[in-house]
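Raw contents of coords.csv, CSV, C-alpha atoms:
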chain,number,residue,atom,x,y,z
A,739,MET,CA,0.0,0.0,0.0
A,740,TRP,CA,1.5,3.3,-1.1
A,741,TRP,CA,0.3,5.3,1.8
A,742,VAL,CA,2.1,3.2,4.4
A,743,GLY,CA,4.9,5.4,5.8
A,744,SER,CA,3.5,8.6,4.3
A,745,ARG,CA,2.9,11.9,6.1
A,746,THR,CA,-0.5,13.6,6.1
A,747,LEU,CA,-0.6,17.4,5.7
A,748,ASP,CA,-3.4,20.0,5.5
A,749,TRP,CA,-2.8,22.7,2.9
A,750,TYR,CA,-4.9,25.8,2.9
A,751,VAL,CA,-5.0,27.8,-0.4
A,752,GLY,CA,-6.6,31.3,-0.3
A,753,THR,CA,-6.4,34.5,-2.2
A,754,ARG,CA,-4.5,36.2,0.8
A,755,ALA,CA,-2.6,33.3,2.5
A,756,THR,CA,-1.4,29.8,2.4
A,757,ILE,CA,-1.0,27.5,5.4
A,758,VAL,CA,0.5,24.0,5.8
A,759,CYS,CA,-0.2,22.0,9.0
A,760,GLU,CA,0.7,18.6,10.1
A,761,GLY,CA,-1.7,17.6,12.8
A,762,SER,CA,-1.5,20.4,15.4
A,763,SER,CA,1.8,21.7,14.1
A,764,VAL,CA,2.0,24.7,11.8
A,765,LEU,CA,4.7,24.1,9.2
A,766,LEU,CA,4.0,27.1,7.0
A,767,ARG,CA,1.8,30.2,7.3
A,768,GLU,CA,2.4,32.9,4.8
A,769,ALA,CA,0.6,35.9,3.4
A,770,VAL,CA,0.3,36.0,-0.4
A,771,ASP,CA,-1.1,38.4,-3.0
A,772,ASP,CA,-3.3,35.9,-4.9
A,773,TRP,CA,-4.2,32.3,-5.1
A,774,GLN,CA,-1.6,31.6,-7.7
A,775,SER,CA,1.1,32.7,-5.3
A,776,ALA,CA,-0.5,30.6,-2.6
A,777,VAL,CA,-0.3,27.5,-4.8
A,778,ARG,CA,3.3,28.2,-5.8
A,779,VAL,CA,4.5,28.9,-2.3
A,780,GLY,CA,2.7,26.0,-0.8
A,781,ALA,CA,3.9,23.5,-3.5
A,782,GLU,CA,7.5,24.7,-3.2
A,783,PHE,CA,7.4,24.3,0.5
A,784,MET,CA,6.0,20.8,0.4
A,785,SER,CA,8.3,19.6,-2.3
A,786,GLN,CA,11.2,20.4,-0.1
A,787,ILE,CA,10.0,18.4,2.9
A,788,ASP,CA,12.5,15.5,3.3
A,789,GLY,CA,11.6,12.0,3.8
A,790,LYS,CA,8.3,10.2,3.3
A,791,ARG,CA,5.7,10.7,0.6
A,792,LEU,CA,3.1,13.3,1.5
A,793,ARG,CA,-0.6,12.8,1.5
A,794,VAL,CA,-2.2,16.2,1.2
A,795,ARG,CA,-5.7,17.4,2.0
A,796,ALA,CA,-6.1,20.7,0.1
A,797,TRP,CA,-8.5,23.3,1.6
A,798,LEU,CA,-9.8,26.2,-0.4
A,799,SER,CA,-10.8,29.5,1.0
A,800,GLY,CA,-14.3,30.7,0.9
A,801,GLY,CA,-13.3,33.2,-1.7
A,802,LEU,CA,-12.4,30.4,-4.0
A,803,SER,CA,-15.2,28.0,-3.2
A,804,ARG,CA,-18.7,29.5,-2.5
A,805,PRO,CA,-22.0,27.8,-1.7
A,806,PHE,CA,-25.5,28.6,-2.8
A,807,VAL,CA,-28.9,27.1,-2.3
A,808,LEU,CA,-30.2,25.1,-5.2
A,809,PRO,CA,-33.9,25.2,-5.1
A,810,ALA,CA,-35.8,22.0,-5.9
A,811,ALA,CA,-36.6,21.9,-9.6
A,812,HIS,CA,-39.6,19.7,-10.1
A,813,GLY,CA,-39.6,17.7,-13.2
A,814,VAL,CA,-35.8,17.6,-13.5
A,815,ARG,CA,-34.8,14.1,-13.9
A,816,SER,CA,-31.2,13.8,-14.9
A,817,GLU,CA,-28.0,14.8,-13.1
A,818,SER,CA,-26.8,16.7,-16.2
A,819,GLU,CA,-29.9,18.8,-16.2
A,820,VAL,CA,-29.3,19.7,-12.5
A,821,GLN,CA,-25.8,20.6,-13.3
A,822,ARG,CA,-27.0,22.8,-16.1
A,823,ILE,CA,-29.4,24.6,-13.9
A,824,ALA,CA,-26.8,25.1,-11.2
A,825,GLY,CA,-24.3,26.4,-13.7
A,826,SER,CA,-26.8,29.0,-14.8
A,827,LEU,CA,-27.1,30.3,-11.2
A,828,VAL,CA,-23.4,30.4,-10.3
A,829,ALA,CA,-22.6,33.9,-11.4
A,830,ALA,CA,-25.7,35.5,-9.9
A,831,ARG,CA,-25.6,33.6,-6.6
A,832,THR,CA,-21.8,33.5,-5.9
A,833,GLY,CA,-20.1,36.1,-8.1
A,834,LEU,CA,-17.7,33.5,-9.5
A,835,ALA,CA,-17.4,32.8,-13.2
A,836,ALA,CA,-20.1,30.9,-14.9
A,837,ASP,CA,-17.6,28.2,-15.9
A,838,SER,CA,-16.7,27.5,-12.3
A,839,GLN,CA,-16.5,23.8,-11.3
A,840,ILE,CA,-19.7,22.8,-9.5
A,841,TRP,CA,-20.3,20.2,-6.8
A,842,ILE,CA,-23.9,19.5,-5.9
A,843,ASP,CA,-25.1,17.9,-2.7
A,844,GLY,CA,-27.7,15.3,-3.5
A,845,GLY,CA,-28.6,14.6,0.1
A,846,SER,CA,-31.8,16.5,0.3
A,847,LYS,CA,-34.4,16.5,-2.4
A,848,ASP,CA,-36.0,19.7,-1.4
A,849,ARG,CA,-33.1,22.1,-0.6
A,850,SER,CA,-29.9,21.1,-2.2
A,851,VAL,CA,-26.8,23.1,-1.7
A,852,ALA,CA,-24.3,23.6,-4.5
A,853,ILE,CA,-20.7,24.7,-4.3
A,854,ALA,CA,-19.0,26.7,-7.1
A,855,ALA,CA,-15.2,26.7,-7.1
A,856,ASP,CA,-12.7,28.6,-9.2
A,857,ARG,CA,-11.8,26.1,-11.9
A,858,ALA,CA,-8.4,27.4,-12.6
A,859,ALA,CA,-7.5,27.3,-8.9
A,860,ILE,CA,-8.6,23.7,-8.6
A,861,GLN,CA,-6.6,22.7,-11.6
A,862,SER,CA,-3.5,24.5,-10.3
A,863,VAL,CA,-3.8,22.7,-7.0
A,864,MET,CA,-4.3,19.3,-8.7
A,865,ALA,CA,-1.2,20.0,-10.8
A,866,VAL,CA,0.9,20.0,-7.6
A,867,ALA,CA,0.4,16.3,-7.3
A,868,SER,CA,3.6,14.4,-8.0
A,869,LYS,CA,5.4,11.3,-6.9
A,870,LYS,CA,6.2,13.0,-3.6
A,871,ILE,CA,2.9,14.8,-3.1
A,872,GLY,CA,-0.3,12.8,-3.3
A,873,LEU,CA,-3.6,14.7,-3.2
A,874,LYS,CA,-6.2,13.1,-1.1
A,875,SER,CA,-8.9,15.7,-1.4
A,876,VAL,CA,-9.7,19.3,-2.6
A,877,ALA,CA,-12.5,20.9,-0.6
A,878,PRO,CA,-13.7,24.2,0.9
A,879,TRP,CA,-12.3,24.7,4.4
A,880,TRP,CA,-15.7,26.0,5.6
A,881,SER,CA,-17.1,22.5,4.8
A,882,GLU,CA,-14.5,21.0,7.2
A,883,ALA,CA,-15.5,23.6,9.8
A,884,LEU,CA,-19.2,22.6,9.4
A,885,ARG,CA,-18.3,18.9,9.8
A,886,HIS,CA,-16.3,19.7,13.0
A,887,VAL,CA,-19.1,21.8,14.6
A,888,LEU,CA,-21.7,19.1,13.8
A,889,ALA,CA,-19.5,16.4,15.1
A,890,THR,CA,-18.8,18.3,18.4
A,891,GLU,CA,-22.1,19.9,19.0
A,892,GLY,CA,-24.5,17.4,17.4
A,893,SER,CA,-26.4,19.9,15.4
A,894,THR,CA,-26.6,23.6,14.7
A,895,GLU,CA,-29.1,25.8,12.8
A,896,SER,CA,-26.4,28.2,11.6
A,897,ILE,CA,-22.6,28.6,11.3
A,898,ALA,CA,-20.3,31.2,10.0
A,899,VAL,CA,-16.8,30.5,8.8
A,900,GLN,CA,-14.3,33.3,8.4
A,901,ASP,CA,-10.9,32.6,6.7
A,902,CYS,CA,-8.4,34.8,5.0
A,903,ASP,CA,-10.6,36.3,2.3
A,904,SER,CA,-14.3,35.6,3.1
A,905,LEU,CA,-17.1,34.9,5.5
A,906,THR,CA,-19.3,31.9,4.6
A,907,VAL,CA,-22.7,31.6,6.3
A,908,LEU,CA,-24.8,28.5,6.3
A,909,ALA,CA,-28.2,28.0,8.0
A,910,GLY,CA,-30.9,25.4,7.9
A,911,LYS,CA,-33.3,23.5,10.0
A,912,SER,CA,-33.1,19.7,10.3
A,913,ALA,CA,-30.9,18.3,7.7
A,914,GLY,CA,-31.4,20.8,4.9
A,915,PHE,CA,-29.8,24.1,3.9
A,916,GLU,CA,-32.0,27.3,3.6
A,917,LEU,CA,-29.2,29.8,3.6
A,918,ALA,CA,-25.8,29.3,2.0
A,919,THR,CA,-23.7,32.3,0.9
A,920,THR,CA,-20.2,33.7,1.0
A,921,TYR,CA,-19.3,37.3,1.6
A,922,SER,CA,-15.9,38.2,-0.1
A,923,PRO,CA,-13.8,40.0,0.6
A,924,ILE,CA,-14.4,40.5,4.3
A,925,GLY,CA,-12.5,42.7,6.6
A,926,ASN,CA,-11.8,42.1,10.2
A,927,LEU,CA,-13.6,39.9,12.7
A,928,GLU,CA,-16.0,42.7,13.7
A,929,ALA,CA,-17.1,43.1,10.2
A,930,ALA,CA,-17.5,39.4,9.9
A,931,GLY,CA,-19.7,39.3,12.9
A,932,SER,CA,-22.0,42.0,11.6
A,933,ALA,CA,-22.3,40.3,8.3
A,934,TYR,CA,-23.2,37.0,10.0
A,935,ALA,CA,-26.0,38.6,12.0
A,936,ARG,CA,-27.3,40.5,9.0
A,937,ALA,CA,-27.4,37.4,6.9
A,938,LEU,CA,-29.5,35.6,9.5
A,939,LEU,CA,-31.9,38.5,10.1
A,940,SER,CA,-32.5,39.0,6.4
A,941,SER,CA,-33.4,35.4,5.9
A,942,ASP,CA,-37.1,34.4,5.7
A,943,ALA,CA,-36.8,31.9,8.4
A,944,GLU,CA,-35.5,32.4,11.9
A,945,PHE,CA,-32.4,30.4,12.8
A,946,ALA,CA,-30.8,30.0,16.2
A,947,ASP,CA,-27.5,31.7,16.5
A,948,GLY,CA,-24.6,29.4,15.8
A,949,PRO,CA,-20.8,29.4,16.2
A,950,MET,CA,-18.3,31.3,14.1
A,951,VAL,CA,-15.2,29.4,13.2
A,952,TRP,CA,-12.3,31.7,12.6
A,953,LEU,CA,-9.1,30.8,10.6
A,954,HIS,CA,-6.3,33.0,11.9
A,955,MET,CA,-3.6,34.3,9.6
A,956,GLY,CA,-1.4,35.5,12.4
A,957,ASN,CA,-0.3,34.2,15.8
A,958,GLU,CA,-3.4,35.3,17.7
A,959,VAL,CA,-4.6,31.9,18.5
A,960,GLN,CA,-3.1,30.5,21.7
A,961,THR,CA,-4.9,27.2,21.7
A,962,SER,CA,-5.8,25.0,18.7
A,963,VAL,CA,-9.0,23.2,17.8
A,964,ALA,CA,-8.6,19.5,18.1
A,965,GLY,CA,-10.1,17.4,15.5
A,966,LEU,CA,-10.3,20.2,12.9
A,967,ALA,CA,-8.0,20.4,9.9
A,968,LEU,CA,-5.8,23.5,10.3
A,969,GLY,CA,-7.1,23.6,13.9
A,970,ALA,CA,-3.7,24.9,15.0
A,971,CYS,CA,-4.7,28.2,13.3
A,972,ALA,CA,-8.4,28.2,14.2
A,973,GLU,CA,-10.8,29.3,16.9
A,974,VAL,CA,-14.4,28.5,17.5
A,975,LEU,CA,-16.4,31.5,18.8
A,976,GLN,CA,-19.8,31.0,20.3
B,647,MET,CA,-27.9,21.0,8.4
B,648,ARG,CA,-25.7,18.0,7.6
B,649,ALA,CA,-22.0,17.6,6.8
B,650,LEU,CA,-21.1,18.0,3.2
B,651,LYS,CA,-18.7,15.3,1.8
B,652,VAL,CA,-17.2,17.6,-0.8
B,653,ASN,CA,-14.2,16.6,-3.0
B,654,PHE,CA,-13.4,18.4,-6.2
B,655,LEU,CA,-10.9,15.7,-7.1
B,656,PRO,CA,-12.1,13.4,-9.8
B,657,LYS,CA,-12.4,9.8,-8.8
B,658,SER,CA,-8.9,8.7,-8.0
B,659,LYS,CA,-6.9,7.0,-10.8
B,660,ALA,CA,-5.7,4.5,-8.2
B,661,GLY,CA,-9.3,3.7,-7.4
B,662,ALA,CA,-9.9,3.3,-11.1
B,663,ARG,CA,-6.9,1.1,-11.5
B,664,TRP,CA,-8.1,-1.0,-8.6
B,665,SER,CA,-11.6,-1.2,-10.1
B,666,MET,CA,-10.1,-2.3,-13.5
B,667,ALA,CA,-7.8,-4.8,-11.8
B,668,LEU,CA,-10.7,-6.2,-9.8
B,669,SER,CA,-12.9,-6.3,-12.9
B,670,ALA,CA,-10.1,-8.0,-14.8
B,671,ALA,CA,-9.7,-10.5,-11.9
B,672,LEU,CA,-13.4,-11.2,-11.9
B,673,LEU,CA,-13.4,-11.7,-15.6
B,674,CYS,CA,-10.5,-14.2,-15.3
B,675,VAL,CA,-12.4,-16.1,-12.6
B,676,ALA,CA,-15.5,-16.1,-14.7
B,677,ALA,CA,-13.5,-17.3,-17.7
B,678,GLN,CA,-11.9,-20.1,-15.6
B,679,GLN,CA,-15.3,-21.2,-14.3
B,680,ALA,CA,-16.7,-21.2,-17.8
B,681,TRP,CA,-13.7,-23.3,-19.0
B,682,LEU,CA,-14.1,-25.7,-16.1
B,683,SER,CA,-17.8,-26.1,-16.9
B,684,VAL,CA,-17.0,-26.9,-20.5
B,685,GLU,CA,-14.4,-29.5,-19.4
B,686,ALA,CA,-16.8,-31.0,-16.9
B,687,TYR,CA,-19.4,-31.2,-19.6
B,688,LYS,CA,-17.0,-32.9,-22.0
B,689,LYS,CA,-16.1,-35.4,-19.3
B,690,LEU,CA,-19.7,-36.1,-18.6
B,691,LYS,CA,-20.4,-36.8,-22.2
B,692,ALA,CA,-17.3,-39.1,-22.4
B,693,LEU,CA,-18.5,-41.0,-19.4
B,694,GLU,CA,-22.0,-41.3,-20.9
B,695,ALA,CA,-20.5,-42.7,-24.1
B,696,GLU,CA,-18.4,-45.2,-22.2
B,697,VAL,CA,-21.4,-46.3,-20.1
B,698,ALA,CA,-23.4,-46.8,-23.3
B,699,ARG,CA,-20.6,-48.8,-24.9
B,700,GLN,CA,-20.2,-51.1,-21.9
B,701,THR,CA,-24.0,-51.6,-21.7
B,702,GLU,CA,-24.0,-52.5,-25.4
B,703,GLU,CA,-21.2,-55.0,-24.9
B,704,ARG,CA,-22.9,-56.6,-21.9
B,705,GLU,CA,-26.2,-57.0,-23.8
B,706,ALA,CA,-24.3,-58.5,-26.8
B,707,ALA,CA,-22.6,-61.0,-24.4
B,708,ALA,CA,-25.9,-61.9,-22.8
B,709,ALA,CA,-27.5,-62.5,-26.2
B,710,ALA,CA,-24.6,-64.7,-27.1
B,711,ASP,CA,-25.0,-66.7,-23.9
B,712,ARG,CA,-28.7,-67.2,-24.6
B,713,ILE,CA,-27.9,-68.5,-28.1
B,714,ARG,CA,-25.2,-70.9,-26.7
B,715,SER,CA,-27.6,-72.3,-24.0
B,716,GLN,CA,-30.2,-73.2,-26.7
B,717,THR,CA,-27.7,-75.1,-28.8
B,718,PRO,CA,-26.5,-78.5,-27.5
B,719,ALA,CA,-22.9,-78.8,-27.3
B,720,ALA,CA,-21.1,-81.6,-29.2
B,721,GLU,CA,-20.2,-84.5,-26.9
B,722,PRO,CA,-16.5,-84.8,-26.3
B,723,PRO,CA,-14.8,-88.2,-27.2
B,724,TYR,CA,-14.0,-89.1,-23.6
B,725,ALA,CA,-17.5,-88.7,-22.4
B,726,LYS,CA,-18.4,-92.4,-22.3
B,727,ASP,CA,-15.2,-93.3,-20.5
B,728,ALA,CA,-15.7,-90.5,-18.0
B,729,ALA,CA,-19.3,-91.6,-17.4
B,730,ALA,CA,-18.1,-95.2,-16.8
B,731,ILE,CA,-15.5,-94.0,-14.4
B,732,ALA,CA,-18.0,-92.0,-12.5
B,733,ARG,CA,-20.4,-95.0,-12.3
B,734,ILE,CA,-17.7,-97.2,-11.0
B,735,ALA,CA,-16.5,-94.6,-8.5
B,736,SER,CA,-20.0,-94.0,-7.2
B,737,PHE,CA,-20.9,-97.8,-6.9
B,738,ASP,CA,-20.8,-98.7,-3.2
B,739,THR,CA,-18.7,-101.9,-3.5
B,740,ALA,CA,-17.6,-101.6,0.2
B,741,GLY,CA,-21.2,-101.3,1.3
B,742,ILE,CA,-22.2,-104.4,-0.6
B,743,PHE,CA,-19.4,-106.4,1.0
B,744,ALA,CA,-20.4,-105.1,4.4
B,745,ALA,CA,-24.0,-105.9,3.9
B,746,ILE,CA,-23.2,-109.5,2.8
B,747,GLU,CA,-20.9,-110.0,5.7
B,748,ALA,CA,-23.4,-108.6,8.2
B,749,THR,CA,-26.4,-110.5,7.0
B,750,GLN,CA,-26.3,-113.9,8.9
B,751,VAL,CA,-29.6,-115.8,8.7
B,752,ARG,CA,-29.9,-119.4,9.9
B,753,GLY,CA,-30.7,-121.6,7.0
B,754,VAL,CA,-29.1,-119.4,4.3
B,755,ARG,CA,-25.6,-119.5,3.0
B,756,VAL,CA,-23.9,-117.3,0.4
B,757,THR,CA,-22.4,-119.5,-2.3
B,758,GLN,CA,-21.4,-117.0,-4.9
B,759,LEU,CA,-21.0,-113.2,-5.1
B,760,GLU,CA,-20.5,-111.1,-8.3
B,761,ILE,CA,-20.0,-107.4,-8.3
B,762,LEU,CA,-20.1,-105.4,-11.6
B,763,PRO,CA,-19.5,-101.8,-10.7
B,764,ALA,CA,-19.4,-100.7,-14.4
B,765,GLU,CA,-23.0,-101.9,-14.6
B,766,SER,CA,-23.9,-100.7,-11.1
B,767,VAL,CA,-25.0,-104.3,-10.3
B,768,ALA,CA,-24.1,-107.0,-7.9
B,769,ARG,CA,-25.4,-110.6,-7.8
B,770,VAL,CA,-25.3,-113.1,-5.0
B,771,GLU,CA,-26.3,-116.7,-5.1
B,772,LEU,CA,-27.6,-118.3,-1.9
B,773,GLU,CA,-28.1,-121.9,-0.7
B,774,ILE,CA,-31.4,-122.2,1.0
B,775,LEU,CA,-31.6,-124.9,3.7
B,776,GLU,CA,-34.8,-123.6,5.1
B,777,PRO,CA,-37.3,-122.0,2.7
B,778,LYS,CA,-38.7,-119.6,5.3
B,779,ALA,CA,-35.3,-118.2,5.9
B,780,LEU,CA,-35.0,-116.6,2.4
B,781,THR,CA,-37.7,-114.1,3.3
B,782,GLU,CA,-35.9,-113.2,6.5
B,783,TYR,CA,-32.6,-113.0,4.7
B,784,LEU,CA,-34.0,-110.5,2.1
B,785,GLU,CA,-35.5,-108.4,4.9
B,786,VAL,CA,-32.3,-108.3,6.8
B,787,ILE,CA,-29.9,-107.5,3.9
B,788,ASN,CA,-32.2,-104.6,2.9
B,789,VAL,CA,-32.5,-103.1,6.4
B,790,GLY,CA,-32.1,-99.3,6.4
B,791,VAL,CA,-32.5,-99.0,2.6
B,792,ASP,CA,-35.5,-96.7,1.7
B,793,THR,CA,-34.4,-95.4,-1.6
B,794,GLY,CA,-31.7,-96.1,-4.1
B,795,PRO,CA,-30.1,-99.5,-4.9
B,796,ARG,CA,-31.4,-102.5,-2.9
B,797,TRP,CA,-31.3,-106.3,-3.1
B,798,HIS,CA,-34.0,-107.9,-5.3
B,799,LEU,CA,-35.0,-111.6,-5.4
B,800,VAL,CA,-34.7,-112.6,-9.1
B,801,ARG,CA,-34.8,-116.4,-8.9
B,802,THR,CA,-35.5,-119.2,-6.5
B,803,ARG,CA,-35.3,-123.0,-6.9
B,804,ALA,CA,-36.7,-125.4,-4.4
B,805,GLY,CA,-34.6,-128.1,-3.0
B,806,LEU,CA,-35.3,-131.7,-4.0
B,807,GLY,CA,-35.1,-134.3,-1.3
B,808,ALA,CA,-32.1,-133.7,0.8
B,809,ASN,CA,-30.7,-131.2,-1.7
B,810,PRO,CA,-31.0,-127.6,-0.6
B,811,GLY,CA,-32.8,-125.0,-2.6
B,812,SER,CA,-31.1,-121.9,-4.2
B,813,ALA,CA,-31.9,-118.3,-4.8
B,814,GLU,CA,-30.3,-115.4,-6.7
B,815,LEU,CA,-30.4,-111.8,-5.4
B,816,VAL,CA,-29.4,-108.8,-7.5
B,817,TYR,CA,-28.3,-105.5,-6.1
B,818,ARG,CA,-29.6,-102.6,-8.2
B,819,LYS,CA,-31.9,-99.7,-8.2
Rewrite the structure from the file as structure tokens, please.
Amino acid sequence: MWWVGSRTLDWYVGTRATIVCEGSSVLLREAVDDWQSAVRVGAEFMSQIDGKRLRVRAWLSGGLSRPFVLPAAHGVRSESEVQRIAGSLVAARTGLAADSQIWIDGGSKDRSVAIAADRAAIQSVMAVASKKIGLKSVAPWWSEALRHVLATEGSTESIAVQDCDSLTVLAGKSAGFELATTYSPIGNLEAAGSAYARALLSSDAEFADGPMVWLHMGNEVQTSVAGLALGACAEVLQ
Amino acid sequence: MRALKVNFLPKSKAGARWSMALSAALLCVAAQQAWLSVEAYKKLKALEAEVARQTEEREAAAAADRIRSQTPAAEPPYAKDAAAIARIASFDTAGIFAAIEATQVRGVRVTQLEILPAESVARVELEILEPKALTEYLEVINVGVDTGPRWHLVRTRAGLGANPGSAELVYRK
């Protein structure tokens, strides 16, 4: 098995920063000007790590991967038709290019959530894979934050995830999603908090306040979040 | 809300290779099973043909036996001699001697004994001093004989004057 004896790293790729962590250890945390620089710096750093083959989980910032609610389309039967409908909504709902790569959650028939991601950024990240660097996954870091909160708290009706370039807000009752949006760029934490509150208030439904998961770019965090990828740079605010 | 299992990576090439390898392995197994089935079928057909052949041979042999049993076989040249030897061997010469010796009746005396095993016959001539003793002698010499050869009275001659009478017994079936 090729992964025996390999090291697992978490690599964050954003439009303002790149971070490499191994478990609770921060190996690299660097501010960049754009995602292309983030890919370049991160790839260069990882290729110089001696020793074992690397298994890398790549995490995209909210600015590069944005969710939106995909309403139920009655009468739509094929997956390709759903993809086409989602593609037509990307630019209006997320601000990303219409040819963005789309991932659609098929878990709920009524309120599906779709994720649009910068296609060029994904392809650049995938191109980093080599004999030394094996990519295990490429996913939004906010989806990892959602997983962590649900795993530790059981359930939540809302969550906000702030990283280097955006604030992603998700809300929904039971297992569905009724609110899924990304605000980018976002300023400081105070601005992010205001945006979170505003998003919940402007929604048709009322949602209970949920946590905010914050990915730090500096050394502000004194303690790490166990069980969360890049948790050494993160904080969960209730 | 629920966790979203997002991954923008296409299905892994390694996974595809494993799938192809597994599919290839399954195809090989299926092909081997098919080949084994064909071989088993061939063997079954061969066994059936062998059974049919042996059944046919047995039936032919049984038919030949039936034909032979209906056709009398030619007598071999030594048959008469063999039959004569068998008659001689089966004739109870010792028994005849023992019976003659054991039969002691007052008034009867054995005057001549002739044994012919080839003819399965024995003859004895008796001198009869007392006529009534002949009946007793015949009863005694045939004691214990229910079936098979026995002594038969074939001739009697009464005595004249002082001369005794005579009788001839023959031992046969």
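Distance-wise, atom CA of Glu782 of chain A and atom CA of Leu966 of chain A end up 24.4 Å apart.
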Taking only C-alpha atoms into account, produce a table as JSON lines in which each residue of chain B with an atom at most 7 Å from an atom of chain A appears once, together with its shortest atom pair and the distance in Å to one decimal, ordered by chain and rising number.
{"residue": "B:Met647", "atom": "CA", "partner": "A:Ala913", "partner_atom": "CA", "distance": 4.1}
{"residue": "B:Arg648", "atom": "CA", "partner": "A:Ala913", "partner_atom": "CA", "distance": 5.2}
{"residue": "B:Ala649", "atom": "CA", "partner": "A:Arg885", "partner_atom": "CA", "distance": 4.9}
{"residue": "B:Leu650", "atom": "CA", "partner": "A:Ser881", "partner_atom": "CA", "distance": 6.2}
{"residue": "B:Val652", "atom": "CA", "partner": "A:Ala877", "partner_atom": "CA", "distance": 5.7}
{"residue": "B:Asn653", "atom": "CA", "partner": "A:Ala877", "partner_atom": "CA", "distance": 5.2}
{"residue": "B:Phe654", "atom": "CA", "partner": "A:Val876", "partner_atom": "CA", "distance": 5.2}
{"residue": "B:Leu655", "atom": "CA", "partner": "A:Val876", "partner_atom": "CA", "distance": 5.9}
task: Between B:Glu702, B:Val816, B:Ile734, B:Lys657, single out the one closest to Glu760 of chain B, counting only C-alpha atoms.
output: B:Val816
task: Pick out the residues sitting within 7 Å of segment 786-791 of chain A, and hand them over as a PyMOL selection string; count only C-alpha atoms, and ignore anything fewer than 6 positions along from it in its own chain.
output: chain A and resi 743-745+870-871
Okay, now the selection with C-alpha atoms, as a short mmCIF file (atom, residue, chain, number, x, y, z; two decimals), in the coordinates of the input?
data_model
loop_
_atom_site.label_atom_id
_atom_site.label_comp_id
_atom_site.auth_asym_id
_atom_site.auth_seq_id
_atom_site.Cartn_x
_atom_site.Cartn_y
_atom_site.Cartn_z
CA GLY A 743 4.90 5.40 5.80
CA SER A 744 3.50 8.60 4.30
CA ARG A 745 2.90 11.90 6.10
CA LYS A 870 6.20 13.00 -3.60
CA ILE A 871 2.90 14.80 -3.10
#
field: Nearest to Val751 of chain A, chosen from A:Trp773, A:Phe806, A:Phe945, A:Tyr934, with all atoms listed in the file counted in the distances
entry: A:Trp773
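For the atom pair formed by atom CA of Ala972 of chain A and atom CA of Trp952 of chain A, the distance is 5.5 Å, given to one decimal.
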field: Residue list as number ranges by chain for point (-20.6, -116.8, 1.2), cut-off 12 Å, only C-alpha atoms
entry: B: 743, 745-751, 754-760, 769-773
query: In Å, with one decimal, what is the gap from atom CA of Asp903 of chain A to atom CA of Val820 of chain A?
result: 29.1 Å
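With all atoms listed in the file as the atoms that count, the residue of A:Val770, A:Ala964, A:Ala781, A:Ala830 with the shortest distance to Val866 of chain A is A:Ala781.
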field: Nearby residues (all atoms listed in the file) at most 9 Å from segment 789-793 of chain B, same-chain spacing under 4 positions excluded, as a ChimeraX atom specification
entry: /B:784-785,819
Restricting it to C-alpha atoms, dump the selection as an mmCIF file, keeping the file's coordinate frame.
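Final output, again13.cif:
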data_model
loop_
_atom_site.group_PDB
_atom_site.id
_atom_site.type_symbol
_atom_site.label_atom_id
_atom_site.label_comp_id
_atom_site.auth_asym_id
_atom_site.auth_seq_id
_atom_site.Cartn_x
_atom_site.Cartn_y
_atom_site.Cartn_z
ATOM 1 C CA LEU B 784 -34.000 -110.500 2.100
ATOM 2 C CA GLU B 785 -35.500 -108.400 4.900
ATOM 3 C CA LYS B 819 -31.900 -99.700 -8.200
#
task: List the neighbours of Gly761 of chain A out to 12 Å using all atoms listed in the file; skip same-chain residues closer than 4 positions along the sequence, and give me the result as a PyMOL selection string.
output: chain A and resi 745-749+765+794-795+962-971
Filtering to C-alpha atoms, could you give me those residues as a CSV table (one decimal), in the coordinates of the input?
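Just written: again.csv:
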chain,number,residue,atom,x,y,z
A,745,ARG,CA,2.9,11.9,6.1
A,746,THR,CA,-0.5,13.6,6.1
A,747,LEU,CA,-0.6,17.4,5.7
A,748,ASP,CA,-3.4,20.0,5.5
A,749,TRP,CA,-2.8,22.7,2.9
A,765,LEU,CA,4.7,24.1,9.2
A,794,VAL,CA,-2.2,16.2,1.2
A,795,ARG,CA,-5.7,17.4,2.0
A,962,SER,CA,-5.8,25.0,18.7
A,963,VAL,CA,-9.0,23.2,17.8
A,964,ALA,CA,-8.6,19.5,18.1
A,965,GLY,CA,-10.1,17.4,15.5
A,966,LEU,CA,-10.3,20.2,12.9
A,967,ALA,CA,-8.0,20.4,9.9
A,968,LEU,CA,-5.8,23.5,10.3
A,969,GLY,CA,-7.1,23.6,13.9
A,970,ALA,CA,-3.7,24.9,15.0
A,971,CYS,CA,-4.7,28.2,13.3
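If all atoms listed in the file are the atoms counted, then among B:Ala725, B:Ala768, B:Ala706, B:Ala813 the closest residue to Ala740 of chain B is B:Ala768.
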task: For a cut-off of 12 Å around (-8.1, 44.8, 6.4), file coordinates, pick out all residues using only C-alpha atoms and list them as a PyMOL selection string.
output: chain A and resi 754+902-904+923-930+955
